[in-house]
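Everything below belongs to start08.csv, which stores CSV, C-alpha atoms and all ligand atoms.
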chain,number,residue,atom,x,y,z
V,1,MET,CA,2.0,-88.1,72.3
V,2,THR,CA,-0.9,-87.0,70.2
V,3,PRO,CA,-0.8,-87.2,66.3
V,4,THR,CA,-0.7,-83.4,66.1
V,5,ASP,CA,2.6,-83.4,68.0
V,6,SER,CA,4.4,-84.6,64.9
V,7,TYR,CA,3.7,-81.2,63.2
V,8,GLY,CA,5.8,-78.1,63.7
V,9,PRO,CA,4.4,-74.8,64.8
V,10,ALA,CA,2.1,-72.9,62.4
V,11,THR,CA,3.3,-70.0,60.3
V,12,TYR,CA,1.1,-67.4,58.7
V,13,ARG,CA,1.0,-65.4,55.5
V,14,LEU,CA,-1.3,-64.0,52.9
V,15,ALA,CA,-2.6,-66.4,50.2
V,16,LEU,CA,-1.1,-66.3,46.7
V,17,PRO,CA,-2.7,-67.4,43.4
V,18,ALA,CA,-0.6,-70.6,43.6
V,19,ASP,CA,-2.5,-71.6,46.8
V,20,ALA,CA,-5.8,-71.9,44.9
V,21,ASN,CA,-5.9,-75.7,44.5
V,22,ARG,CA,-4.9,-76.4,48.1
V,23,LEU,CA,-7.4,-73.9,49.5
V,24,ALA,CA,-10.3,-75.5,47.5
V,25,GLU,CA,-9.2,-78.9,48.9
V,26,VAL,CA,-9.0,-77.7,52.5
V,27,HIS,CA,-12.3,-76.0,52.2
V,28,ILE,CA,-14.1,-79.1,50.9
V,29,ARG,CA,-12.4,-81.5,53.4
V,30,VAL,CA,-13.3,-79.3,56.4
V,31,LEU,CA,-16.9,-78.8,55.2
V,32,MET,CA,-17.5,-82.5,54.8
V,33,VAL,CA,-16.4,-83.3,58.3
V,34,ALA,CA,-17.5,-80.2,60.3
V,35,TYR,CA,-20.9,-79.8,58.7
V,36,ARG,CA,-22.0,-83.4,58.9
V,37,GLY,CA,-25.4,-83.4,60.6
V,38,ILE,CA,-25.7,-79.6,60.2
V,39,ASP,CA,-25.8,-79.0,56.4
V,40,PRO,CA,-27.9,-81.2,54.0
V,41,GLN,CA,-26.1,-84.5,53.5
V,42,ASP,CA,-26.8,-84.5,49.7
V,43,TRP,CA,-25.1,-81.1,49.4
V,44,LEU,CA,-22.1,-82.3,51.4
V,45,ASP,CA,-21.8,-85.5,49.3
V,46,SER,CA,-21.8,-83.4,46.1
V,47,LEU,CA,-18.8,-81.3,47.2
V,48,PRO,CA,-16.0,-83.5,45.8
V,49,GLN,CA,-17.5,-83.1,42.3
V,50,GLN,CA,-17.2,-79.3,42.7
V,51,LEU,CA,-13.4,-79.5,43.3
V,52,GLU,CA,-12.3,-78.3,39.8
V,53,GLU,CA,-14.9,-75.5,39.7
V,54,ARG,CA,-13.9,-74.4,43.2
V,55,ARG,CA,-10.2,-74.5,42.3
V,56,ALA,CA,-10.9,-72.2,39.4
V,57,ARG,CA,-12.9,-69.8,41.5
V,58,TRP,CA,-10.1,-69.6,44.1
V,59,LYS,CA,-7.6,-68.9,41.3
V,60,ASP,CA,-9.7,-66.2,39.9
V,61,ARG,CA,-10.4,-64.6,43.3
V,62,LEU,CA,-6.7,-64.7,44.3
V,63,SER,CA,-5.5,-63.3,41.0
V,64,THR,CA,-8.0,-60.5,40.6
V,65,HIS,CA,-8.4,-59.4,44.2
V,66,PRO,CA,-4.8,-59.8,45.6
V,67,ASP,CA,-5.5,-57.2,48.3
V,68,ASP,CA,-8.3,-59.2,49.9
V,69,PRO,CA,-7.1,-60.4,53.2
V,70,VAL,CA,-7.0,-64.2,52.8
V,71,GLN,CA,-4.8,-65.4,55.6
V,72,VAL,CA,-3.4,-68.9,55.5
V,73,ALA,CA,-1.8,-71.1,58.2
V,74,GLU,CA,0.9,-73.5,57.2
V,75,VAL,CA,2.6,-76.3,59.2
V,76,ASP,CA,5.5,-78.5,58.2
V,77,PRO,CA,5.2,-80.9,56.5
V,78,ALA,CA,1.5,-80.7,55.7
V,79,GLY,CA,1.6,-77.2,54.1
V,80,ILE,CA,-1.6,-75.1,54.3
V,81,VAL,CA,-3.9,-76.5,57.0
V,82,GLY,CA,-6.4,-73.6,57.2
V,83,TYR,CA,-7.4,-70.2,56.1
V,84,ALA,CA,-9.5,-67.3,57.1
V,85,VAL,CA,-11.1,-64.6,54.9
V,86,GLY,CA,-12.1,-61.1,55.9
V,87,GLY,CA,-13.7,-58.1,54.1
V,88,ARG,CA,-16.5,-55.6,54.0
V,89,ALA,CA,-19.5,-57.0,55.8
V,90,ARG,CA,-22.1,-58.5,53.4
V,91,GLY,CA,-25.8,-57.5,53.5
V,92,GLU,CA,-26.9,-54.9,55.9
V,93,PRO,CA,-24.7,-55.3,59.0
V,94,PRO,CA,-25.5,-53.4,62.3
V,95,ILE,CA,-24.1,-49.9,62.4
V,96,GLY,CA,-20.5,-50.0,63.6
V,97,PHE,CA,-19.9,-53.6,62.4
V,98,GLU,CA,-18.8,-52.9,58.8
V,99,GLY,CA,-16.0,-55.5,58.7
V,100,GLU,CA,-16.7,-59.3,58.5
V,101,LEU,CA,-14.8,-62.5,59.2
V,102,ILE,CA,-16.3,-64.1,56.1
V,103,SER,CA,-15.0,-67.6,56.6
V,104,ILE,CA,-12.5,-69.7,58.6
V,105,TYR,CA,-11.7,-73.3,58.0
V,106,LEU,CA,-9.0,-75.5,59.6
V,107,LEU,CA,-8.4,-79.2,58.9
V,108,PRO,CA,-9.7,-81.3,61.8
V,109,GLU,CA,-6.3,-82.6,62.9
V,110,HIS,CA,-5.0,-79.0,63.3
V,111,GLN,CA,-8.0,-77.7,65.3
V,112,ARG,CA,-7.7,-76.7,69.0
V,113,ARG,CA,-4.1,-75.7,68.8
V,114,GLY,CA,-4.6,-71.9,68.8
V,115,ILE,CA,-4.4,-71.6,65.0
V,116,GLY,CA,-8.0,-70.4,64.6
V,117,ARG,CA,-7.5,-67.7,67.2
V,118,GLU,CA,-4.4,-66.4,65.4
V,119,LEU,CA,-6.1,-66.5,62.0
V,120,VAL,CA,-9.0,-64.4,63.3
V,121,ARG,CA,-6.5,-62.0,64.9
V,122,ARG,CA,-4.7,-61.5,61.6
V,123,VAL,CA,-8.0,-61.0,59.7
V,124,ALA,CA,-9.0,-58.5,62.4
V,125,ARG,CA,-5.7,-56.6,62.1
V,126,SER,CA,-6.0,-56.3,58.3
V,127,LEU,CA,-9.6,-55.0,58.7
V,128,ILE,CA,-8.4,-52.4,61.1
V,129,ALA,CA,-5.7,-51.4,58.6
V,130,SER,CA,-8.5,-51.0,56.0
V,131,GLY,CA,-10.4,-48.6,58.4
V,132,PHE,CA,-12.9,-51.0,60.0
V,133,GLN,CA,-13.7,-50.7,63.7
V,134,GLY,CA,-16.2,-53.5,64.2
V,135,MET,CA,-16.5,-57.0,62.8
V,136,ILE,CA,-19.3,-59.6,62.5
V,137,VAL,CA,-19.2,-63.3,61.8
V,138,ARG,CA,-22.1,-65.4,60.7
V,139,VAL,CA,-22.2,-68.9,62.1
V,140,LEU,CA,-24.8,-71.6,61.7
V,141,SER,CA,-26.6,-71.8,65.0
V,142,ALA,CA,-26.1,-75.6,65.2
V,143,ASN,CA,-22.3,-75.2,64.7
V,144,PRO,CA,-20.3,-75.7,67.9
V,145,ALA,CA,-17.8,-73.2,66.4
V,146,ARG,CA,-20.0,-70.5,67.9
V,147,ILE,CA,-18.4,-71.3,71.2
V,148,PHE,CA,-15.0,-70.5,69.6
V,149,TYR,CA,-16.3,-67.0,68.7
V,150,GLU,CA,-17.6,-66.5,72.2
V,151,ARG,CA,-14.2,-67.5,73.6
V,152,LEU,CA,-12.7,-64.8,71.4
V,153,GLY,CA,-15.0,-62.2,73.0
V,154,ALA,CA,-17.8,-62.0,70.4
V,155,ARG,CA,-21.3,-61.3,71.5
V,156,ALA,CA,-24.5,-62.5,69.7
V,157,LEU,CA,-26.1,-59.7,67.8
V,158,GLY,CA,-29.1,-61.5,66.2
V,159,ILE,CA,-30.5,-64.4,64.2
V,160,ASP,CA,-30.7,-64.7,60.4
V,161,THR,CA,-31.4,-67.4,57.9
V,162,VAL,CA,-29.2,-68.7,55.1
V,163,SER,CA,-30.0,-71.1,52.2
V,164,ILE,CA,-27.6,-74.0,51.9
V,165,GLY,CA,-28.2,-76.9,49.5
V,166,GLY,CA,-31.9,-75.8,49.1
V,167,GLN,CA,-32.6,-75.7,52.9
V,168,GLU,CA,-33.1,-72.7,55.0
V,169,LEU,CA,-30.8,-72.9,58.1
V,170,GLU,CA,-30.7,-70.6,61.1
V,171,GLU,CA,-27.5,-68.6,61.6
V,172,THR,CA,-26.4,-66.5,64.5
V,173,VAL,CA,-24.7,-63.2,63.8
V,174,TYR,CA,-21.9,-62.5,66.3
V,175,GLY,CA,-19.9,-59.3,66.6
V,176,TRP,CA,-17.0,-57.5,68.1
V,177,SER,CA,-17.7,-53.7,68.3
V,178,ASN,CA,-14.0,-52.8,68.8
V,179,ILE,CA,-11.7,-55.3,67.2
V,180,ASP,CA,-8.6,-53.3,68.1
V,181,LEU,CA,-9.4,-54.1,71.8
V,182,PHE,CA,-9.9,-57.8,71.3
V,183,PHE,CA,-7.2,-58.4,68.7
V,184,PRO,CA,-4.1,-56.4,69.7
V,185,PRO,CA,-1.1,-56.1,67.3
V,201,LIG,C1,-13.9,-73.1,64.5
V,201,LIG,C2,-12.4,-73.2,64.3
V,201,LIG,C3,-11.9,-72.2,63.3
V,201,LIG,C4,-11.6,-72.9,65.6
V,201,LIG,O1,-10.2,-73.0,65.4
V,201,LIG,P1,-9.2,-73.7,66.4
V,201,LIG,O2,-7.8,-73.5,66.0
V,201,LIG,O3,-9.7,-75.1,66.6
V,201,LIG,O4,-9.5,-72.9,67.8
V,201,LIG,P2,-8.4,-72.4,68.9
V,201,LIG,O5,-7.5,-73.5,69.2
V,201,LIG,O6,-7.8,-71.1,68.4
V,201,LIG,O7,-9.4,-72.1,70.1
V,201,LIG,C5,-9.6,-70.8,70.7
V,201,LIG,C6,-10.6,-71.0,71.9
V,201,LIG,O8,-11.8,-71.5,71.4
V,201,LIG,C7,-12.2,-72.7,72.0
V,201,LIG,N1,-12.8,-73.6,71.0
V,201,LIG,C8,-12.4,-73.8,69.7
V,201,LIG,N2,-13.3,-74.6,69.1
V,201,LIG,C9,-14.2,-74.9,70.0
V,201,LIG,C10,-15.3,-75.8,69.9
V,201,LIG,N3,-15.7,-76.5,68.8
V,201,LIG,N4,-16.1,-75.9,71.1
V,201,LIG,C11,-15.8,-75.3,72.2
V,201,LIG,N5,-14.7,-74.4,72.3
V,201,LIG,C12,-13.9,-74.3,71.2
V,201,LIG,C13,-10.8,-73.3,72.4
V,201,LIG,O9,-11.0,-74.2,73.5
V,201,LIG,C14,-10.1,-72.1,72.9
V,201,LIG,O10,-10.5,-71.7,74.2
V,201,LIG,P3,-9.5,-71.1,75.3
V,201,LIG,O11,-9.2,-69.7,74.8
V,201,LIG,O12,-10.3,-71.1,76.5
V,201,LIG,O13,-8.3,-72.0,75.3
V,201,LIG,C15,-12.0,-74.6,63.8
V,201,LIG,O14,-12.4,-75.5,64.7
V,201,LIG,C16,-12.7,-75.0,62.5
V,201,LIG,O15,-12.1,-74.7,61.4
V,201,LIG,N6,-13.8,-75.7,62.5
V,201,LIG,C17,-14.5,-76.2,61.4
V,201,LIG,C18,-15.0,-75.2,60.4
V,201,LIG,C19,-15.9,-74.2,61.0
V,201,LIG,O16,-16.9,-74.6,61.7
V,201,LIG,N7,-15.6,-72.9,60.8
V,201,LIG,C20,-16.5,-71.8,61.3
V,201,LIG,C21,-17.5,-71.4,60.3
V,201,LIG,S1,-18.5,-70.1,60.9
Take the structure from the file and write it as structure tokens.
Amino acid sequence: MTPTDSYGPATYRLALPADANRLAEVHIRVLMVAYRGIDPQDWLDSLPQQLEERRARWKDRLSTHPDDPVQVAEVDPAGIVGYAVGGRARGEPPIGFEGELISIYLLPEHQRRGIGRELVRRVARSLIASGFQGMIVRVLSANPARIFYERLGARALGIDTVSIGGQELEETVYGWSNIDLFFPP
């Protein structure tokens, strides 16, 4: 029996303002583990000091943009164990890829159980409901999560750079041209 067997199946819903503190905590915890060796260590080490500020930002975001599709996954008894955010693609996305999976974070002990796949499907469905046909996701090229997107049918569209903690890092832009096809209702 693995430790994750002691958790029940995940349930999914849209985030509420009351989830702000937990989302900030999940975000920081996942970043500190998943991005070790990828993002600058000084920046990762500074994340716990940003907790209060990040809680306030989440509260503001969830209170003022309640229609933004922030999907959360919960398991009993842990509560929220991950979330995914979608919206209009930032920057200048390729034509036909106007939706974006902006972020997805799952606590380490809840990864590889299909929760990420379901969160992406839910974000994709809400983007379809908002009129988007294609969706991109930006992933640091050194992040093994890129294989996750490939497993979900995304294809690499190009390379970009992003500034994190004062360093320029390479990111790969992946995309699904027809999300309805890849993420059925
Ligand atoms: C990336 C992430 C969201 C994936 O979620 P998950 O719930 O672990 O993934 P799933 O269990 O739904 O996996 C779906 C498929 O992707 C594969 N996969 C998932 N993570 C993988 C990895 N790191 N390496 C290789 N394959 C992976 C699974 O094996 C599965 O393949 P299958 O369809 O053949 O069975 C999660 O691992 C995570 O939060 N990682 C840390 C934060 C992060 O890097 N986020 C992405 C930022 S761009």
Practice task
Just give me the residues with any atom within 12 Å of (-17.2, -67.2, 69.6), file coordinates, counting all atoms listed in the file, written as a PyMOL selection string.
Solution key: chain V and resi 101+116-117+120+136-141+143-157+172-176
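Taking only C-alpha atoms and all ligand atoms into account, ligand LIG 201 (chain V) lies nearest to V:Ser103 out of the set V:Thr161, V:Thr64, V:Gln50, V:Ser103.
Among the candidates V:Arg54, V:Arg36, V:Arg22, V:Lys59, the one nearest to ligand LIG 201 (chain V) when counting all atoms listed in the file is V:Arg36.
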Identify, on the basis of all atoms listed in the file, every residue whose closest approach to Glu92 of chain V does not exceed 12 Å; exclude the query and any residue fewer than 5 positions from it along the same chain; express the result as a compact mmCIF listing (two decimals) with C-alpha atoms, in the coordinates of the input.
# COMPACT_ATOMS: atom_id res chain seq x y z
CA PHE V 97 -19.90 -53.60 62.40
CA GLU V 98 -18.80 -52.90 58.80
CA GLY V 99 -16.00 -55.50 58.70
CA GLU V 100 -16.70 -59.30 58.50
CA ILE V 136 -19.30 -59.60 62.50
CA ASP V 160 -30.70 -64.70 60.40
CA VAL V 173 -24.70 -63.20 63.80
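Taking all atoms listed in the file, the non-local environment of segment 37-40 of chain V within 8 Å (same-chain residues fewer than 5 positions away omitted) comprises Ala142, Asn143, Ile164, Gly165 and Gln167 of chain V.
Across the model, the gap from atom CA of Leu31 of chain V to atom CA of Pro77 of chain V is 22.2 Å.
Nearest residue to Tyr83 of chain V, choosing from V:Gln41, V:Ser63, V:Gln133, V:Thr11 and counting only C-alpha atoms: V:Thr11.
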Handout entry: Between atom CA of Ala78 of chain V and atom N6 of ligand LIG 201 (chain V) - distance in Å to one decimal
Key = 17.5 Å
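Counting from atom CA of Asp42 of chain V, the distance to atom O16 of ligand LIG 201 (chain V) is 18.4 Å.
Using all atoms listed in the file, the protein and nucleic acid residues lying at most 6 Å from the point (-4.4, -61.6, 58.2) are Pro69, Gln71, Arg122, Val123 and Ser126 of chain V.
Compared by their closest atoms to Arg61 of chain V, and using all atoms listed in the file, the residues V:Ala73, V:Val26, V:Leu127, V:Ala18 rank with V:Ala18 nearest.
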Fill in the blank from the handout: Between V:Val81, V:Leu169, V:Leu44, V:Ile179, smallest distance to Ile104 of chain V by only C-alpha atoms belongs to V:Val81
Around ligand LIG 201 (chain V), fit a box with edges along x, y and z, padding it by 4 Å on each side, then list its centre and edge lengths in Å to one decimal as lines of an AutoDock Vina configuration file.
center_x = -13.0
center_y = -73.1
center_z = 68.4
size_x = 19.0
size_y = 14.8
size_z = 24.2
Problem - Selected residue of minimal separation from ligand LIG 201 (chain V) among V:Ala89, V:Ala124, V:Leu47, V:Val33, counting all atoms listed in the file - result: V:Val33
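The shell of residues at most 10 Å from segment 111-114 of chain V, with only C-alpha atoms counted and near chain neighbours (fewer than 5 positions) removed, consists of Thr4, Pro9, Ala10, Val81, Gly82, Tyr105, Leu106, Leu119 and Phe148 of chain V.
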Practice task
Write out as a list in words the residues lying within 9 Å of Arg125 of chain V, counting only C-alpha atoms and excluding same-chain residues fewer than 4 positions away.
Solution key: Val120, Arg121, Ala129, Ser130, Ile179, Asp180, Phe183, Pro184 and Pro185 of chain V
